[in-house]
Amino acid sequence: MGLIEDLCSIYGPAGREHVVRERIEKELKGICPEIHTDRLGNLIAHQPPASGKKNAEKIMLCAHMDEIGLIVTYIDKKGYLRFTSVGGVFPELALNQRVVFENGTVGIIGIEPKKDESKSKAGPKLDKMYIDIGAQDQKSAEKIVRLGDVAAFSQHAVWISKTRLSTKALDDRIGCYCLIETAKRAKKANNDIYFVFSVQEEVGLRGARTSAFAVAPQYALAVDVTDTGDTPEAHRMEVSLGKGVAIKVKDSAFLTNPHVKDKLVEYAKSMHIPYQLEVLEHGTTDAAVIQLVKEGVMSGVLSIPTRYIHSTNELCDLNDVEGAISLLEHVCKTGLS
Amino acid sequence: MLKELCELQGVSGDEGSVRDYLRSKIAKYAAEIIEDPYGNLIARKGKSQKPRIMLAAHMDEVGLMITGIEKKGLLKFQAIGIMPNVLLAKRVIIGKERVCGVIGHKPIHLAKDDELKQVPETKNLFIDVGASSREEAAKMIKVGDYATFDTEFRENGDLVCGKAFDNRIGCYILLQLIQKTDMPLCYAFTVQEEVGLRGAKIAAYRVKPDIALAIDTTSSGEWPTEKDIAQYPVIGKGPAITIADRSVVCDQKLVGILKETARYEKIPFQMKRPMVGGTDAGTMHLVGEGVRSAVIATPARYIHSPMAIASKKDIAAAIRLVECGIRKIMEKGELWA
């Protein structure tokens, strides 16, 4: 299994990122000289500039480790688990999916049958759903799963074409992959680079805030997924799968620093990296809080165009990913000033 | 002391009387007391040591603010954190002069059929202070005056009944700890929790703790349900420990230590319902480079209303859990390095 498939398959809902963190740490050992985990669980890997380099820019690259998940709120007498969401779970996409707990327990999401047919227009709701872990009763269920345990969706990665990968948790393990690859390729760059793998993005951009406070960078780039507008009857959006890395202009909580945006466009052009400009109407990412830390951080976002976000079959194109890595590598070498 | 605390008027932004009361009660016991510019009362007991631990309980309660006086002398108001269905026909106390008023409603005799089935919106409610004109009302009331429910504190066996349990119970717990234990801690009595966890953020920035515990209340869910889905926590079964709520994913090590301590010391405890509500921990854990945070909450029925019910045994157990938990946290100093 390749690194992307491996990263995406790992269990890591918001607040429970430790397995992802250990995997990334293993990958970066020997590449980044300083690696540490902070109090909230962010992994911060530091690559100082090549020795003797003056005027190095302090740049933070950030991708979040967490994925959406479910948390157990009650175990009923028959051993079914009631739950609620951790992060933005679409009820209609959760239904009948397979989930897995940290200890490996697997469950299937079921739903109560509709009693009142007149109300059948409303979509399914999480509070009508349950997780079936094959337990016979409450007691046997409580031996393997406890109240407050967190489950992640379960799905194998599949390449549906030569370049297109479908799996869960591309949001944002694909960003983590971009950072890892950049770290490997941009060793001994001219700048002072912090690779931050953040926690709890899906529940409110939490880890990015504290890690940015600690790093206090001059520039920051978040790497995350973004929607596309290229599927049948899609919401109008000028981003397509496979047409290049997306350079964000704005989303619902973030305006890209114009200097950073212009630099990224300039680099993409000069390196002949295909790119698209992105305006995302709904949703945001870690950069929205990073830019507001301390005296402010000039920030931007590179997005990987992704279809079916927050489903178990997110879909991205490797060419876009490669473009993002090349651009990030160039930023590490050249800086953003 | 709990009776005195609960009968004080202290809506978010107007915590002065609670602060003055608390300051008088802790003056003898604290090494240092600070009232910060935002209104938080921060007391340090003992010498500063590692790990630095901060306890936070918010002084403010939910309540009303007068927004206008109508021609006929009726008062318009805004309510924060209170549903309109608990406002109707309640007696309130307004402003520093403690003017008595009643939240008016249409009696059943005059209500139209459709009005009988609906709860009016808060914006359509008014407070009647018995004034017959705007001029007469303006002599007693100013726009911007705060109002609270006029509720007397009562005891009945193990149960206590009153207003503002959220979070004078937390303040009471901190008072007991500062008066009766010698633990070197920072005690923060915070402002404006009910309007966005505001005071705690600033208090935590000043204290710079390694560990923060929010001591609060949580709504108990004891009403009949048809389904096999129990409502919890309930009063009488001990304080609730939070795994995650809408504002924070609690530090797993801290949660583990608190549960372990409760079991070892035979202190009853229960788990809080995941992913509902929020407390001061929500802002404290994101301060600076991040703060390991947890929440201990006393369950109370009918909070955010004129009348709540809690158990004295639960409050006593919460005090023991906080004390024993902190001693255990201090013992395991190496965990927090």
# chains A, B, ... in the order shown; residues from 1 in each chain; ligands from 1
>>> residues_around(residues="Met65 (chain A)", least_positions_apart="3", cutoff="10 Å", atoms="only C-alpha atoms", output="VMD selection string")
chain A and resid 7 to 8 12 to 21 24 42 to 43 62 169 171 to 176 196 to 202 207
>>> residues_around(residues="Ala152 (chain A)", least_positions_apart="3", cutoff="12 Å", atoms="only C-alpha atoms", output="PyMOL selection string")
chain A and resi 8-17+66-72+83+85-87+89+94+97-109+131+149+155+168-169+310-312
>>> write_last_selection(atoms="N, CA and C atoms", output="compact mmCIF listing (two decimals), in the first residue's frame")
# COMPACT_ATOMS: atom_id res chain seq x y z
N CYS A 8 -4.87 7.55 4.58
CA CYS A 8 -6.32 7.73 4.55
C CYS A 8 -7.05 6.62 5.31
N SER A 9 -6.45 5.45 5.36
CA SER A 9 -7.15 4.32 5.99
C SER A 9 -7.08 4.37 7.51
N ILE A 10 -6.15 5.18 8.05
CA ILE A 10 -5.94 5.19 9.50
C ILE A 10 -7.11 5.83 10.23
N TYR A 11 -7.36 5.32 11.44
CA TYR A 11 -8.39 5.85 12.33
C TYR A 11 -7.93 7.20 12.89
N GLY A 12 -8.75 8.24 12.77
CA GLY A 12 -8.34 9.52 13.35
C GLY A 12 -9.40 10.60 13.37
N PRO A 13 -10.55 10.35 14.03
CA PRO A 13 -11.55 11.42 14.14
C PRO A 13 -11.02 12.58 15.00
N ALA A 14 -11.66 13.73 14.90
CA ALA A 14 -11.23 14.92 15.65
C ALA A 14 -11.10 14.59 17.13
N GLY A 15 -9.97 14.95 17.72
CA GLY A 15 -9.71 14.69 19.14
C GLY A 15 -9.10 13.33 19.39
N ARG A 16 -9.03 12.50 18.36
CA ARG A 16 -8.47 11.14 18.49
C ARG A 16 -7.48 10.90 17.35
N GLU A 17 -6.48 11.79 17.25
CA GLU A 17 -5.59 11.76 16.07
C GLU A 17 -4.30 10.99 16.30
N ASP A 66 -7.12 15.26 11.49
CA ASP A 66 -8.40 14.66 11.90
C ASP A 66 -9.37 14.51 10.74
N GLU A 67 -10.30 13.59 10.93
CA GLU A 67 -11.40 13.38 9.99
C GLU A 67 -12.70 13.48 10.78
N ILE A 68 -13.82 13.50 10.07
CA ILE A 68 -15.11 13.51 10.77
C ILE A 68 -15.35 12.13 11.39
N GLY A 69 -16.22 12.07 12.39
CA GLY A 69 -16.50 10.79 13.03
C GLY A 69 -17.81 10.83 13.80
N LEU A 70 -17.99 9.83 14.65
CA LEU A 70 -19.23 9.69 15.43
C LEU A 70 -18.85 9.40 16.88
N ILE A 71 -19.68 9.87 17.82
CA ILE A 71 -19.40 9.61 19.23
C ILE A 71 -20.63 8.95 19.87
N VAL A 72 -20.38 7.92 20.66
CA VAL A 72 -21.46 7.14 21.26
C VAL A 72 -22.09 7.93 22.40
N PHE A 83 -25.74 7.58 18.79
CA PHE A 83 -24.53 8.39 18.59
C PHE A 83 -24.89 9.78 18.08
N SER A 85 -22.74 13.29 15.91
CA SER A 85 -21.60 13.51 15.01
C SER A 85 -20.43 14.23 15.69
N VAL A 86 -19.24 13.96 15.20
CA VAL A 86 -18.05 14.74 15.56
C VAL A 86 -17.62 15.40 14.25
N GLY A 87 -17.92 16.69 14.11
CA GLY A 87 -17.66 17.37 12.84
C GLY A 87 -18.85 17.23 11.91
N VAL A 89 -20.97 15.69 9.72
CA VAL A 89 -21.43 14.42 9.14
C VAL A 89 -22.78 14.65 8.47
N ALA A 94 -24.22 9.01 6.05
CA ALA A 94 -23.78 8.13 7.14
C ALA A 94 -24.56 6.82 7.12
N GLN A 97 -23.50 2.97 6.50
CA GLN A 97 -22.05 2.89 6.34
C GLN A 97 -21.44 1.99 7.41
N ARG A 98 -20.23 1.56 7.13
CA ARG A 98 -19.48 0.76 8.10
C ARG A 98 -18.58 1.72 8.89
N VAL A 99 -18.53 1.54 10.20
CA VAL A 99 -17.66 2.38 11.02
C VAL A 99 -16.74 1.51 11.85
N VAL A 100 -15.66 2.11 12.35
CA VAL A 100 -14.71 1.34 13.16
C VAL A 100 -14.29 2.18 14.36
N PHE A 101 -14.20 1.53 15.52
CA PHE A 101 -13.75 2.19 16.73
C PHE A 101 -12.24 2.03 16.87
N GLU A 102 -11.68 2.78 17.80
CA GLU A 102 -10.23 2.75 17.97
C GLU A 102 -9.73 1.33 18.28
N ASN A 103 -10.52 0.57 19.04
CA ASN A 103 -10.07 -0.78 19.40
C ASN A 103 -10.36 -1.81 18.31
N GLY A 104 -10.80 -1.34 17.14
CA GLY A 104 -11.01 -2.24 16.02
C GLY A 104 -12.44 -2.75 15.89
N THR A 105 -13.28 -2.47 16.87
CA THR A 105 -14.68 -2.90 16.80
C THR A 105 -15.35 -2.27 15.57
N VAL A 106 -16.02 -3.13 14.78
CA VAL A 106 -16.66 -2.64 13.57
C VAL A 106 -18.17 -2.58 13.80
N GLY A 107 -18.82 -1.59 13.25
CA GLY A 107 -20.27 -1.48 13.36
C GLY A 107 -20.88 -1.00 12.06
N ILE A 108 -22.20 -1.23 11.93
CA ILE A 108 -22.95 -0.79 10.75
C ILE A 108 -23.99 0.21 11.23
N ILE A 109 -24.19 1.29 10.48
CA ILE A 109 -25.19 2.27 10.88
C ILE A 109 -26.55 1.91 10.31
N ILE A 131 -25.76 2.41 15.81
CA ILE A 131 -24.67 1.58 15.30
C ILE A 131 -24.89 0.17 15.82
N ASP A 149 -17.04 6.78 23.41
CA ASP A 149 -16.06 6.27 22.44
C ASP A 149 -16.38 6.85 21.07
N GLN A 155 -13.38 2.58 5.17
CA GLN A 155 -13.43 2.39 3.72
C GLN A 155 -12.02 2.11 3.20
N LYS A 168 -12.03 7.27 2.01
CA LYS A 168 -12.47 8.19 3.06
C LYS A 168 -11.28 9.05 3.47
N ALA A 169 -11.54 10.13 4.16
CA ALA A 169 -10.52 10.92 4.86
C ALA A 169 -9.45 11.55 3.97
N HIS A 310 -16.55 14.67 2.73
CA HIS A 310 -17.25 14.18 3.93
C HIS A 310 -18.12 12.96 3.63
N SER A 311 -17.80 12.25 2.58
CA SER A 311 -18.42 10.94 2.37
C SER A 311 -17.32 9.89 2.55
N THR A 312 -17.69 8.63 2.44
CA THR A 312 -16.67 7.58 2.58
C THR A 312 -15.97 7.33 1.25
>>> interface_residues(of="chain A", to="chain B", cutoff="7 Å", atoms="only C-alpha atoms", output="PyMOL selection string")
chain A and resi 15+39-40+73-74+76+148+206+210-211+213-214
>>> select_by_dssp(residues="region 16-149 of chain A", states="strand (DSSP E)", output="ChimeraX atom specification")
/A:34-37,43-47,58-64,69-75,81-86,98-101,106-111,129-132
>>> select_by_dssp(residues="region 39-226 of chain A", states="helix (DSSP H, G or I)", output="compact mmCIF listing (two decimals) with all heavy atoms, in the first residue's frame")
# COMPACT_ATOMS: atom_id res chain seq x y z
N PRO A 91 -26.15 13.25 7.47
CA PRO A 91 -26.89 12.05 7.87
C PRO A 91 -27.15 11.09 6.71
O PRO A 91 -27.00 9.88 6.86
CB PRO A 91 -28.21 12.61 8.42
CG PRO A 91 -27.88 13.99 8.87
CD PRO A 91 -26.83 14.49 7.93
N GLU A 92 -27.52 11.65 5.55
CA GLU A 92 -27.85 10.76 4.43
C GLU A 92 -26.63 9.99 3.92
O GLU A 92 -26.77 8.93 3.32
CB GLU A 92 -28.54 11.52 3.30
CG GLU A 92 -27.72 12.61 2.62
CD GLU A 92 -27.79 13.97 3.32
OE1 GLU A 92 -28.02 14.00 4.55
OE2 GLU A 92 -27.57 14.98 2.64
N LEU A 93 -25.45 10.52 4.19
CA LEU A 93 -24.23 9.82 3.76
C LEU A 93 -23.74 8.85 4.83
O LEU A 93 -22.93 7.97 4.56
CB LEU A 93 -23.11 10.82 3.43
CG LEU A 93 -23.42 11.82 2.32
CD1 LEU A 93 -22.21 12.71 2.05
CD2 LEU A 93 -23.84 11.10 1.04
N ALA A 94 -24.22 9.01 6.05
CA ALA A 94 -23.78 8.13 7.14
C ALA A 94 -24.56 6.82 7.12
O ALA A 94 -24.06 5.77 7.51
CB ALA A 94 -23.98 8.84 8.48
N GLU A 117 -45.78 8.18 7.48
CA GLU A 117 -45.45 8.32 6.06
C GLU A 117 -45.63 9.76 5.56
O GLU A 117 -44.99 10.18 4.62
CB GLU A 117 -46.30 7.36 5.22
CG GLU A 117 -45.88 5.90 5.37
CD GLU A 117 -44.40 5.66 5.10
OE1 GLU A 117 -43.88 6.20 4.11
OE2 GLU A 117 -43.76 4.96 5.90
N SER A 118 -46.52 10.50 6.20
CA SER A 118 -46.77 11.87 5.73
C SER A 118 -45.53 12.75 5.90
O SER A 118 -45.38 13.76 5.24
CB SER A 118 -47.95 12.46 6.49
OG SER A 118 -47.61 12.58 7.85
N LYS A 119 -44.66 12.36 6.81
CA LYS A 119 -43.47 13.17 7.04
C LYS A 119 -42.26 12.66 6.26
O LYS A 119 -41.13 13.01 6.56
CB LYS A 119 -43.14 13.19 8.53
CG LYS A 119 -44.12 14.05 9.34
CD LYS A 119 -43.74 14.03 10.80
CE LYS A 119 -44.80 14.77 11.61
NZ LYS A 119 -44.68 14.47 13.04
N LEU A 126 -29.66 11.87 12.36
CA LEU A 126 -28.74 11.03 13.14
C LEU A 126 -29.40 10.50 14.40
O LEU A 126 -29.08 9.40 14.85
CB LEU A 126 -27.48 11.83 13.51
CG LEU A 126 -26.55 12.23 12.37
CD1 LEU A 126 -25.34 12.98 12.91
CD2 LEU A 126 -26.10 11.04 11.55
N ASP A 127 -30.33 11.27 14.99
CA ASP A 127 -30.90 10.78 16.26
C ASP A 127 -31.89 9.64 16.05
O ASP A 127 -32.39 9.07 17.02
CB ASP A 127 -31.50 11.92 17.09
CG ASP A 127 -32.67 12.61 16.40
OD1 ASP A 127 -33.10 12.12 15.33
OD2 ASP A 127 -33.17 13.60 16.95
N LYS A 128 -32.17 9.31 14.81
CA LYS A 128 -32.99 8.11 14.54
C LYS A 128 -32.08 6.91 14.18
O LYS A 128 -32.57 5.83 13.89
CB LYS A 128 -33.93 8.37 13.37
CG LYS A 128 -34.87 9.54 13.57
CD LYS A 128 -36.09 9.12 14.35
CE LYS A 128 -37.07 10.27 14.46
NZ LYS A 128 -37.38 10.58 15.85
N GLN A 138 -27.01 -5.01 26.11
CA GLN A 138 -26.28 -3.87 26.65
C GLN A 138 -24.95 -4.29 27.29
O GLN A 138 -23.91 -3.70 27.05
CB GLN A 138 -27.16 -3.18 27.68
CG GLN A 138 -26.71 -1.80 28.08
CD GLN A 138 -27.76 -1.13 28.98
OE1 GLN A 138 -28.43 -1.78 29.77
NE2 GLN A 138 -27.91 0.17 28.83
N LYS A 139 -25.04 -5.35 28.10
CA LYS A 139 -23.86 -5.78 28.85
C LYS A 139 -22.71 -6.17 27.93
O LYS A 139 -21.57 -5.75 28.11
CB LYS A 139 -24.22 -6.97 29.75
CG LYS A 139 -23.89 -6.73 31.19
CD LYS A 139 -24.25 -7.93 32.02
CE LYS A 139 -23.98 -7.64 33.49
NZ LYS A 139 -24.43 -8.72 34.35
N SER A 140 -23.03 -6.98 26.94
CA SER A 140 -21.95 -7.43 26.06
C SER A 140 -21.44 -6.28 25.19
O SER A 140 -20.26 -6.22 24.86
CB SER A 140 -22.38 -8.63 25.21
OG SER A 140 -23.53 -8.31 24.48
N ALA A 141 -22.33 -5.35 24.84
CA ALA A 141 -21.89 -4.18 24.07
C ALA A 141 -20.94 -3.32 24.90
O ALA A 141 -19.92 -2.85 24.41
CB ALA A 141 -23.08 -3.35 23.62
N GLU A 142 -21.29 -3.15 26.18
CA GLU A 142 -20.48 -2.28 27.04
C GLU A 142 -19.10 -2.86 27.33
O GLU A 142 -18.22 -2.15 27.79
CB GLU A 142 -21.23 -1.99 28.35
CG GLU A 142 -22.28 -0.91 28.16
CD GLU A 142 -23.15 -0.67 29.38
OE1 GLU A 142 -23.16 -1.53 30.28
OE2 GLU A 142 -23.82 0.37 29.41
N LYS A 143 -18.93 -4.15 27.06
CA LYS A 143 -17.59 -4.73 27.23
C LYS A 143 -16.64 -4.27 26.13
O LYS A 143 -15.43 -4.29 26.32
CB LYS A 143 -17.68 -6.26 27.22
CG LYS A 143 -18.10 -6.80 28.58
CD LYS A 143 -18.15 -8.31 28.57
CE LYS A 143 -18.84 -8.80 29.83
NZ LYS A 143 -19.50 -10.08 29.62
N ILE A 144 -17.18 -3.92 24.96
CA ILE A 144 -16.29 -3.53 23.87
C ILE A 144 -16.34 -2.04 23.52
O ILE A 144 -15.37 -1.48 23.02
CB ILE A 144 -16.53 -4.38 22.59
CG1 ILE A 144 -18.01 -4.70 22.44
CG2 ILE A 144 -15.69 -5.62 22.61
CD1 ILE A 144 -18.33 -5.56 21.24
N LEU A 170 -9.73 11.66 2.65
CA LEU A 170 -8.82 12.48 1.84
C LEU A 170 -8.76 13.86 2.48
O LEU A 170 -7.73 14.53 2.44
CB LEU A 170 -9.36 12.60 0.40
CG LEU A 170 -9.07 11.43 -0.53
CD1 LEU A 170 -9.83 11.59 -1.83
CD2 LEU A 170 -7.57 11.29 -0.80
N ASP A 171 -9.89 14.25 3.06
CA ASP A 171 -10.00 15.47 3.89
C ASP A 171 -9.55 15.11 5.30
O ASP A 171 -10.34 14.58 6.07
CB ASP A 171 -11.45 15.95 3.85
CG ASP A 171 -11.71 17.16 4.73
OD1 ASP A 171 -10.75 17.72 5.28
OD2 ASP A 171 -12.89 17.52 4.87
N ASP A 172 -8.32 15.32 5.71
CA ASP A 172 -7.31 16.04 4.98
C ASP A 172 -5.99 15.26 4.99
O ASP A 172 -4.92 15.83 5.06
CB ASP A 172 -7.12 17.43 5.60
CG ASP A 172 -6.13 18.30 4.82
OD1 ASP A 172 -6.01 18.11 3.61
OD2 ASP A 172 -5.46 19.13 5.46
N ARG A 173 -6.10 13.94 4.91
CA ARG A 173 -4.84 13.16 4.88
C ARG A 173 -4.09 13.44 3.58
O ARG A 173 -2.88 13.30 3.53
CB ARG A 173 -5.13 11.67 5.00
CG ARG A 173 -5.96 11.28 6.21
CD ARG A 173 -5.25 11.44 7.53
NE ARG A 173 -6.22 11.50 8.62
CZ ARG A 173 -6.96 10.48 9.04
NH1 ARG A 173 -6.84 9.29 8.47
NH2 ARG A 173 -7.82 10.64 10.02
N ILE A 174 -4.83 13.87 2.54
CA ILE A 174 -4.13 14.20 1.30
C ILE A 174 -3.25 15.44 1.52
O ILE A 174 -2.15 15.55 0.97
CB ILE A 174 -5.12 14.38 0.12
CG1 ILE A 174 -4.39 14.28 -1.21
CG2 ILE A 174 -5.90 15.69 0.21
CD1 ILE A 174 -3.85 12.92 -1.53
N GLY A 175 -3.73 16.35 2.39
CA GLY A 175 -2.92 17.51 2.77
C GLY A 175 -1.70 17.06 3.57
O GLY A 175 -0.59 17.57 3.38
N CYS A 176 -1.91 16.10 4.49
CA CYS A 176 -0.79 15.57 5.28
C CYS A 176 0.24 14.94 4.34
O CYS A 176 1.45 15.13 4.50
CB CYS A 176 -1.28 14.52 6.28
SG CYS A 176 -2.41 15.17 7.53
N TYR A 177 -0.26 14.21 3.33
CA TYR A 177 0.64 13.58 2.36
C TYR A 177 1.46 14.64 1.63
O TYR A 177 2.67 14.49 1.44
CB TYR A 177 -0.19 12.75 1.37
CG TYR A 177 0.61 12.22 0.21
CD1 TYR A 177 1.44 11.11 0.36
CD2 TYR A 177 0.56 12.83 -1.05
CE1 TYR A 177 2.19 10.62 -0.70
CE2 TYR A 177 1.29 12.35 -2.11
CZ TYR A 177 2.11 11.25 -1.94
OH TYR A 177 2.86 10.78 -2.99
N CYS A 178 0.80 15.72 1.21
CA CYS A 178 1.51 16.81 0.50
C CYS A 178 2.65 17.36 1.38
O CYS A 178 3.76 17.62 0.89
CB CYS A 178 0.56 17.94 0.15
SG CYS A 178 -0.61 17.54 -1.15
N LEU A 179 2.35 17.56 2.67
CA LEU A 179 3.38 18.10 3.56
C LEU A 179 4.54 17.12 3.75
O LEU A 179 5.71 17.52 3.73
CB LEU A 179 2.77 18.45 4.94
CG LEU A 179 2.40 19.92 5.14
CD1 LEU A 179 1.44 20.40 4.09
CD2 LEU A 179 1.83 20.14 6.54
N ILE A 180 4.22 15.85 3.91
CA ILE A 180 5.27 14.84 4.09
C ILE A 180 6.17 14.81 2.86
O ILE A 180 7.40 14.83 2.96
CB ILE A 180 4.66 13.44 4.35
CG1 ILE A 180 3.91 13.43 5.69
CG2 ILE A 180 5.75 12.37 4.33
CD1 ILE A 180 3.03 12.20 5.89
N GLU A 181 5.55 14.75 1.67
CA GLU A 181 6.33 14.70 0.43
C GLU A 181 7.17 15.97 0.25
O GLU A 181 8.32 15.91 -0.20
CB GLU A 181 5.39 14.53 -0.77
CG GLU A 181 4.88 13.12 -0.94
CD GLU A 181 6.00 12.09 -1.08
OE1 GLU A 181 6.88 12.26 -1.96
OE2 GLU A 181 6.01 11.12 -0.29
N THR A 182 6.59 17.10 0.62
CA THR A 182 7.33 18.36 0.52
C THR A 182 8.55 18.32 1.44
O THR A 182 9.65 18.71 1.04
CB THR A 182 6.42 19.55 0.89
OG1 THR A 182 5.27 19.51 0.06
CG2 THR A 182 7.14 20.88 0.69
N ALA A 183 8.35 17.83 2.65
CA ALA A 183 9.46 17.75 3.61
C ALA A 183 10.58 16.88 3.04
O ALA A 183 11.76 17.19 3.19
CB ALA A 183 8.96 17.18 4.94
N LYS A 184 10.18 15.79 2.39
CA LYS A 184 11.19 14.89 1.83
C LYS A 184 11.96 15.54 0.67
O LYS A 184 13.15 15.35 0.53
CB LYS A 184 10.52 13.60 1.32
CG LYS A 184 10.04 12.68 2.45
CD LYS A 184 9.31 11.48 1.86
CE LYS A 184 8.83 10.57 3.00
NZ LYS A 184 7.95 9.50 2.50
N ARG A 185 11.23 16.28 -0.15
CA ARG A 185 11.86 16.85 -1.35
C ARG A 185 12.59 18.16 -1.08
O ARG A 185 13.47 18.54 -1.83
CB ARG A 185 10.80 17.10 -2.43
CG ARG A 185 10.19 15.80 -2.94
CD ARG A 185 9.17 16.11 -4.02
NE ARG A 185 8.22 15.00 -4.13
CZ ARG A 185 7.21 14.98 -5.00
NH1 ARG A 185 7.02 15.99 -5.82
NH2 ARG A 185 6.40 13.95 -5.05
N ARG A 206 -9.30 24.07 15.69
CA ARG A 206 -8.76 24.33 17.01
C ARG A 206 -7.25 24.17 17.10
O ARG A 206 -6.56 25.02 17.66
CB ARG A 206 -9.44 23.43 18.04
CG ARG A 206 -10.91 23.80 18.19
CD ARG A 206 -11.57 22.97 19.25
NE ARG A 206 -13.01 23.19 19.24
CZ ARG A 206 -13.90 22.30 19.63
NH1 ARG A 206 -13.49 21.12 20.08
NH2 ARG A 206 -15.18 22.57 19.59
N GLY A 207 -6.73 23.07 16.58
CA GLY A 207 -5.29 22.83 16.72
C GLY A 207 -4.45 23.86 15.98
O GLY A 207 -3.37 24.25 16.44
N ALA A 208 -4.93 24.33 14.85
CA ALA A 208 -4.16 25.29 14.05
C ALA A 208 -3.89 26.56 14.83
O ALA A 208 -2.84 27.18 14.71
CB ALA A 208 -4.91 25.61 12.76
N ARG A 209 -4.87 26.96 15.65
CA ARG A 209 -4.73 28.21 16.39
C ARG A 209 -3.57 28.14 17.38
O ARG A 209 -2.71 29.01 17.40
CB ARG A 209 -6.03 28.50 17.14
CG ARG A 209 -6.03 29.79 17.92
CD ARG A 209 -7.20 29.83 18.87
NE ARG A 209 -8.47 29.64 18.17
CZ ARG A 209 -9.26 30.64 17.80
NH1 ARG A 209 -8.94 31.88 18.06
NH2 ARG A 209 -10.39 30.40 17.18
N THR A 210 -3.53 27.07 18.18
CA THR A 210 -2.49 27.00 19.22
C THR A 210 -1.12 26.70 18.62
O THR A 210 -0.12 27.20 19.10
CB THR A 210 -2.85 25.93 20.27
OG1 THR A 210 -3.02 24.67 19.63
CG2 THR A 210 -4.11 26.29 21.01
N SER A 211 -1.09 25.91 17.55
CA SER A 211 0.21 25.61 16.95
C SER A 211 0.78 26.86 16.26
O SER A 211 1.98 27.12 16.32
CB SER A 211 0.13 24.44 15.98
OG SER A 211 -0.89 24.65 15.03
N ALA A 212 -0.08 27.64 15.63
CA ALA A 212 0.39 28.88 14.99
C ALA A 212 0.89 29.86 16.05
O ALA A 212 1.85 30.59 15.83
CB ALA A 212 -0.72 29.52 14.17
N PHE A 213 0.24 29.86 17.20
CA PHE A 213 0.69 30.73 18.30
C PHE A 213 2.10 30.33 18.73
O PHE A 213 2.96 31.19 18.95
CB PHE A 213 -0.27 30.61 19.49
CG PHE A 213 -0.04 31.63 20.57
CD1 PHE A 213 -0.79 32.79 20.60
CD2 PHE A 213 0.93 31.42 21.55
CE1 PHE A 213 -0.58 33.74 21.60
CE2 PHE A 213 1.14 32.36 22.54
CZ PHE A 213 0.39 33.53 22.57
N ALA A 214 2.35 29.03 18.80
CA ALA A 214 3.67 28.54 19.22
C ALA A 214 4.72 28.82 18.15
O ALA A 214 5.83 29.25 18.45
CB ALA A 214 3.60 27.05 19.53
N VAL A 215 4.38 28.57 16.90
CA VAL A 215 5.36 28.72 15.81
C VAL A 215 5.59 30.21 15.49
O VAL A 215 6.70 30.63 15.21
CB VAL A 215 4.87 27.96 14.54
CG1 VAL A 215 5.76 28.28 13.34
CG2 VAL A 215 4.83 26.46 14.80
>>> residues_around(residues="region 160-169 of chain B", least_positions_apart="4", cutoff="9 Å", atoms="only C-alpha atoms", output="ChimeraX atom specification")
/B:2-3,5-10,18,57-62,148-156,173-174,215-218,298,300,303-312,315
